[in-house]
Amino acid sequence: IDLRFRATIDRNTPYEHAFEHLYWQAAGKDYHTGKKSYLLLEFEKRYKKQFLEYMEEYNTINLLRKFKQLPEADQKNPELVAAMRHYDRTVNITWVMGHFNAAKKYIESVPGNHEATGGSDWKKYMLPKYQKRIFFPELWSEEE
């Protein structure tokens, strides 16, 4: 969920409403009109129904939920905690920065306009410091 809306969306929020606040929605909408780009509309036409079904099916099935179901001693296992933090960092920072740097290389190599998908502010959309996607928040300190 887009960082700006996380406080208002929880596991009981209607899936359609949550879908409209996924982080990529910001990249696919015109900031002035709020209208969805052609690319986002086509994506939704093809995948929205299936995506909503997955949202419902996996609403409470995720790694954090499984982790919390472990005995407390296992939740404090330093090797497991390190592995979970590594996963979080790899998916939400390392991979995202690789994607960002590749996009930057290709977007900025084109002379003139440096717009991305739907004319989005791609730097803000992609950078981890703006999105703050964290799978295991309990395993990180506030400073981290």
# chains A, B, ... in the order shown; residues from 1 in each chain; ligands from 1

$ residues_around --residues "Trp24 (chain A)" --least-positions-apart "4" --cutoff "12 Å" --atoms "only C-alpha atoms" --output "NGL selection string"
:A and (1-3 or 18-20 or 28-29 or 36-37 or 39-40 or 43-44 or 117-118 or 120-122 or 124-126 or 131)

$ select_by_dssp --residues "chain A" --states "helix (DSSP H, G or I)" --output "ChimeraX atom specification"
/A:3-8,15-19,23-28,38-57,63-69,72-75,78-109,117-119,122-126,128-131,137-139

$ atom_distance --atom1 "CA of Leu41 (chain A)" --atom2 "CA of Tyr54 (chain A)"
18.9 Å

$ residues_around --residues "region 135-137 of chain A" --least-positions-apart "4" --cutoff "12 Å" --atoms "only C-alpha atoms" --output "short mmCIF file (atom, residue, chain, number, x, y, z; two decimals) with C-alpha atoms, in the first residue's frame"
data_model
loop_
_atom_site.label_atom_id
_atom_site.label_comp_id
_atom_site.auth_asym_id
_atom_site.auth_seq_id
_atom_site.Cartn_x
_atom_site.Cartn_y
_atom_site.Cartn_z
CA ILE A 1 0.00 0.00 0.00
CA ASN A 62 2.37 -14.20 4.29
CA LEU A 63 5.86 -14.64 5.71
CA LEU A 64 5.32 -12.24 8.59
CA ARG A 65 2.20 -14.10 9.71
CA LYS A 66 4.06 -17.44 9.49
CA PHE A 67 7.00 -15.96 11.40
CA LYS A 68 4.68 -14.78 14.18
CA GLN A 75 11.34 -15.94 16.52
CA VAL A 81 16.21 -12.98 12.23
CA ALA A 82 19.29 -12.28 10.10
CA ALA A 83 17.77 -14.23 7.20
CA MET A 84 14.46 -12.35 7.45
CA ARG A 85 16.28 -8.99 7.57
CA HIS A 86 18.42 -10.04 4.61
CA TYR A 87 15.26 -10.90 2.64
CA ASP A 88 13.69 -7.55 3.54
CA ARG A 89 16.81 -5.62 2.55
CA THR A 90 17.34 -7.60 -0.67
CA VAL A 91 13.77 -7.29 -1.96
CA ASN A 92 12.98 -3.80 -0.74
CA ILE A 93 16.32 -2.05 -1.17
CA SER A 141 14.79 -0.46 14.95
CA GLU A 142 13.16 2.94 14.34
CA GLU A 143 16.51 4.34 13.15
CA GLU A 144 17.02 1.47 10.71
#

$ closest_residue --among "A:Pro128, A:Gly112, A:Pro14, A:Gly34" --to "Val96 (chain A)" --atoms "only C-alpha atoms"
A:Pro128

$ closest_atom_pairs --of "region 42-101 of chain A" --to "region 106-111 of chain A" --cutoff "12 Å" --atoms "only C-alpha atoms" --output "tab-separated table"
residue	atom	partner	partner_atom	distance
A:His99	CA	A:Tyr106	CA	10.8
A:Phe100	CA	A:Tyr106	CA	10.1
A:Asn101	CA	A:Tyr106	CA	8.7

$ closest_residue --among "A:Met55, A:Ala103, A:Leu139, A:Ile61" --to "Lys76 (chain A)" --atoms "only C-alpha atoms"
A:Leu139

$ atom_distance --atom1 "CA of Leu80 (chain A)" --atom2 "CA of Glu138 (chain A)"
13.4 Å

$ atom_distance --atom1 "CA of Glu57 (chain A)" --atom2 "CA of Phe5 (chain A)"
21.8 Å

$ decode --residues "region 7-116 of chain A" --atoms "C-alpha atoms" --output "JSON list (two decimals), in the first residue's frame"
[["chain", "number", "residue", "atom", "x", "y", "z"],
["A", 7, "ALA", "CA", -2.62, 4.23, 8.25],
["A", 8, "THR", "CA", -6.13, 4.10, 6.75],
["A", 9, "ILE", "CA", -5.99, 0.58, 5.27],
["A", 10, "ASP", "CA", -5.87, -2.68, 7.19],
["A", 11, "ARG", "CA", -6.65, -6.38, 6.65],
["A", 12, "ASN", "CA", -10.40, -5.62, 6.85],
["A", 13, "THR", "CA", -10.42, -2.89, 4.21],
["A", 14, "PRO", "CA", -12.39, -3.82, 1.08],
["A", 15, "TYR", "CA", -9.96, -5.25, -1.49],
["A", 16, "GLU", "CA", -11.14, -2.90, -4.25],
["A", 17, "HIS", "CA", -10.34, 0.12, -2.05],
["A", 18, "ALA", "CA", -6.92, -1.27, -1.08],
["A", 19, "PHE", "CA", -6.19, -2.02, -4.76],
["A", 20, "GLU", "CA", -6.78, 1.64, -5.62],
["A", 21, "HIS", "CA", -4.09, 2.58, -3.08],
["A", 22, "LEU", "CA", -1.33, 0.18, -4.10],
["A", 23, "TYR", "CA", 1.94, 2.01, -4.51],
["A", 24, "TRP", "CA", 2.03, 1.67, -8.30],
["A", 25, "GLN", "CA", -1.29, 3.50, -8.65],
["A", 26, "ALA", "CA", 0.61, 6.73, -7.94],
["A", 27, "ALA", "CA", 2.84, 6.08, -10.94],
["A", 28, "GLY", "CA", -0.07, 5.40, -13.27],
["A", 29, "LYS", "CA", -2.22, 8.45, -12.55],
["A", 30, "ASP", "CA", -2.02, 11.99, -13.83],
["A", 31, "TYR", "CA", -1.17, 14.14, -10.81],
["A", 32, "HIS", "CA", -3.31, 17.03, -12.03],
["A", 33, "THR", "CA", -6.49, 15.19, -13.02],
["A", 34, "GLY", "CA", -6.23, 11.96, -11.03],
["A", 35, "LYS", "CA", -7.11, 10.04, -14.21],
["A", 36, "LYS", "CA", -5.43, 6.71, -14.85],
["A", 37, "SER", "CA", -2.94, 6.35, -17.69],
["A", 38, "TYR", "CA", -3.66, 4.15, -20.68],
["A", 39, "LEU", "CA", -1.02, 1.70, -19.44],
["A", 40, "LEU", "CA", -2.62, 1.41, -15.99],
["A", 41, "LEU", "CA", -6.11, 1.00, -17.49],
["A", 42, "GLU", "CA", -4.88, -1.77, -19.78],
["A", 43, "PHE", "CA", -3.08, -3.48, -16.90],
["A", 44, "GLU", "CA", -6.27, -3.39, -14.83],
["A", 45, "LYS", "CA", -8.38, -4.66, -17.70],
["A", 46, "ARG", "CA", -6.11, -7.69, -18.00],
["A", 47, "TYR", "CA", -5.12, -8.40, -14.38],
["A", 48, "LYS", "CA", -7.36, -6.62, -11.87],
["A", 49, "LYS", "CA", -9.86, -9.45, -11.33],
["A", 50, "GLN", "CA", -7.08, -11.99, -10.77],
["A", 51, "PHE", "CA", -5.16, -9.55, -8.59],
["A", 52, "LEU", "CA", -8.20, -8.94, -6.37],
["A", 53, "GLU", "CA", -8.67, -12.71, -6.03],
["A", 54, "TYR", "CA", -5.04, -13.05, -4.93],
["A", 55, "MET", "CA", -5.46, -10.20, -2.46],
["A", 56, "GLU", "CA", -8.35, -12.03, -0.85],
["A", 57, "GLU", "CA", -6.67, -15.44, -0.89],
["A", 58, "TYR", "CA", -3.35, -14.21, 0.53],
["A", 59, "ASN", "CA", -4.70, -11.52, 2.86],
["A", 60, "THR", "CA", -3.55, -13.43, 5.92],
["A", 61, "ILE", "CA", -1.05, -15.81, 4.31],
["A", 62, "ASN", "CA", 2.37, -14.20, 4.29],
["A", 63, "LEU", "CA", 5.86, -14.64, 5.71],
["A", 64, "LEU", "CA", 5.32, -12.24, 8.59],
["A", 65, "ARG", "CA", 2.20, -14.10, 9.71],
["A", 66, "LYS", "CA", 4.06, -17.44, 9.49],
["A", 67, "PHE", "CA", 7.00, -15.96, 11.40],
["A", 68, "LYS", "CA", 4.68, -14.78, 14.18],
["A", 69, "GLN", "CA", 3.19, -18.28, 14.43],
["A", 70, "LEU", "CA", 6.59, -19.75, 15.34],
["A", 71, "PRO", "CA", 7.44, -20.44, 18.98],
["A", 72, "GLU", "CA", 8.95, -17.35, 20.64],
["A", 73, "ALA", "CA", 12.37, -19.00, 20.90],
["A", 74, "ASP", "CA", 12.42, -19.53, 17.12],
["A", 75, "GLN", "CA", 11.34, -15.94, 16.52],
["A", 76, "LYS", "CA", 14.42, -14.84, 18.46],
["A", 77, "ASN", "CA", 16.79, -17.19, 16.65],
["A", 78, "PRO", "CA", 19.60, -14.88, 15.47],
["A", 79, "GLU", "CA", 20.14, -16.83, 12.23],
["A", 80, "LEU", "CA", 16.44, -16.68, 11.34],
["A", 81, "VAL", "CA", 16.21, -12.98, 12.23],
["A", 82, "ALA", "CA", 19.29, -12.28, 10.10],
["A", 83, "ALA", "CA", 17.77, -14.23, 7.20],
["A", 84, "MET", "CA", 14.46, -12.35, 7.45],
["A", 85, "ARG", "CA", 16.28, -8.99, 7.57],
["A", 86, "HIS", "CA", 18.42, -10.04, 4.61],
["A", 87, "TYR", "CA", 15.26, -10.90, 2.64],
["A", 88, "ASP", "CA", 13.69, -7.55, 3.54],
["A", 89, "ARG", "CA", 16.81, -5.62, 2.55],
["A", 90, "THR", "CA", 17.34, -7.60, -0.67],
["A", 91, "VAL", "CA", 13.77, -7.29, -1.96],
["A", 92, "ASN", "CA", 12.98, -3.80, -0.74],
["A", 93, "ILE", "CA", 16.32, -2.05, -1.17],
["A", 94, "THR", "CA", 18.87, -3.99, -3.24],
["A", 95, "TRP", "CA", 16.45, -5.10, -5.96],
["A", 96, "VAL", "CA", 14.56, -1.79, -5.95],
["A", 97, "MET", "CA", 17.80, 0.18, -6.32],
["A", 98, "GLY", "CA", 18.89, -2.11, -9.16],
["A", 99, "HIS", "CA", 15.57, -1.45, -10.87],
["A", 100, "PHE", "CA", 15.86, 2.27, -10.17],
["A", 101, "ASN", "CA", 19.40, 2.47, -11.58],
["A", 102, "ALA", "CA", 18.42, 0.54, -14.71],
["A", 103, "ALA", "CA", 15.39, 2.80, -15.24],
["A", 104, "LYS", "CA", 17.54, 5.88, -14.68],
["A", 105, "LYS", "CA", 20.09, 4.71, -17.23],
["A", 106, "TYR", "CA", 17.47, 4.09, -19.92],
["A", 107, "ILE", "CA", 15.13, 6.98, -19.17],
["A", 108, "GLU", "CA", 17.90, 9.55, -19.00],
["A", 109, "SER", "CA", 19.66, 8.19, -22.09],
["A", 110, "VAL", "CA", 16.77, 9.44, -24.24],
["A", 111, "PRO", "CA", 17.23, 13.08, -25.26],
["A", 112, "GLY", "CA", 14.52, 15.49, -24.10],
["A", 113, "ASN", "CA", 11.66, 14.42, -21.88],
["A", 114, "HIS", "CA", 12.64, 12.06, -19.05],
["A", 115, "GLU", "CA", 9.15, 10.88, -18.11],
["A", 116, "ALA", "CA", 8.49, 7.31, -17.09]]
